[in-house]
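The structure appears right after this line, and notes come after that.
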Amino acid sequence: MSYLTLVVLLFMIEIAAAGLMWLDHSIDGTIVHGLLGLVMFVIGVTACTAAQQRPVTMFNPLKAGHIVTLMFVNVGMLMVIAIHDCDHMRQAMGWGYRFTLSLLLINVIVYLPNLLSLYLIAHGRKVGIWATLISGLLIGGLFLKLHLLGAWLPVWGPWNQSFFVLRVDVISWWILVITALAGVLIALIAAEVYGETRAKI
């Protein structure tokens, strides 16, 4: 599967999320996720262009293979987050809950670490390796903390409470597990890439 195919799939997941919001009669949700999908598509495509034009220099030491690998895993993590979001929409529809605009906007924050990592990697910045590693652990860890123990800050609507309290179904539990494992896997891949770059110094 090519990188651009992955970007298109990410865009399609966000369009599906916008569709779920439309079915739930949430105009705000439809607009937010539609725009989010468009923004991620544009960033994904421009990142590909930037990576292709980036020469390997002492200031941009990442080789093409490293860049492609880390771009793949960051877009992959964004896909996992988007699927996690879609599951929350499914839950909300089952509960009769309507997303507020503030919650929709706050939720956009969870996409930012991997989008930043993607930008840095596409521009050949070695710090992008660390950004990818931290993003994976941060997102996976925070999702686990939120859904297993509840929120520190009560800004997540019904999801301020743990999955145990909410009595979510097995689908939601599996998606949470996959999200956490994806975060760990991405961090491990970033660590391996860092080790390879260190070995070549």
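By convention here, the chains of the structure tokens are called A, B, ... in the order presented, each chain's residues are numbered starting at 1, and ligands are numbered starting at 1 in the order presented.
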
Give me the residues of region 24-100 of chain A that have any atom at most 8 Å from an atom of region 104-108 of chain A; for each, the nearest atom pair and the distance in Å, rounded to one decimal. Use only C-alpha atoms, sort by chain and number, and format it as a tab-separated table.
```
residue	atom	partner	partner_atom	distance
A:Gly29	CA	A:Leu104	CA	6.7
A:Val32	CA	A:Leu104	CA	7.1
A:Leu36	CA	A:Val108	CA	7.9
A:Phe99	CA	A:Leu104	CA	6.7
A:Thr100	CA	A:Leu104	CA	6.3
```

With only C-alpha atoms counted and 7 Å as the cut-off, give the residues of region 78-131 of chain A in contact with region 168-192 of chain A, each with its shortest interatomic distance in Å and the pair that gives it, as CSV.
```
residue,atom,partner,partner_atom,distance
A:Val80,CA,A:Thr179,CA,6.1
A:His84,CA,A:Ile175,CA,6.3
A:Asp87,CA,A:Ser172,CA,6.6
A:Ile129,CA,A:Ala190,CA,5.6
```

Please, could you write that set of residues out with C-alpha atoms as a compact mmCIF listing (two decimals), in the first residue's frame?
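Writing done, so here's out38.txt:
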```txt
# COMPACT_ATOMS: atom_id res chain seq x y z
CA VAL A 80 -6.50 4.78 14.38
CA HIS A 84 -11.56 5.72 17.70
CA ASP A 87 -16.59 4.66 17.73
CA ILE A 129 11.73 10.94 15.14
```

Q: Pick out the residues sitting within 9 Å of Leu138 (chain A), and hand them over as a list of chain:residue names; count only C-alpha atoms, and ignore anything fewer than 5 positions along from it in its own chain.
A: A:Pro113, A:Leu133, A:Phe143, A:Gly183

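Here CA of His33 (chain A) is placed at a distance of 5.9 Å from CA of Glu14 (chain A).
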
Compile the contact shell of Val193 (chain A) as a PDB file with C-alpha atoms, in the first residue's frame: residues with an atom at most 9 Å away, counting only C-alpha atoms, same-chain residues fewer than 6 positions apart removed.
```pdb
ATOM      1  CA  HIS A  66      13.337   6.518   7.280  1.00  0.00           C
ATOM      2  CA  THR A  69       8.515   4.677   7.331  1.00  0.00           C
ATOM      3  CA  LEU A  70       7.773   7.463   9.787  1.00  0.00           C
ATOM      4  CA  ILE A 129      11.727  10.944  15.138  1.00  0.00           C
TER       5      ILE A 129
END
```
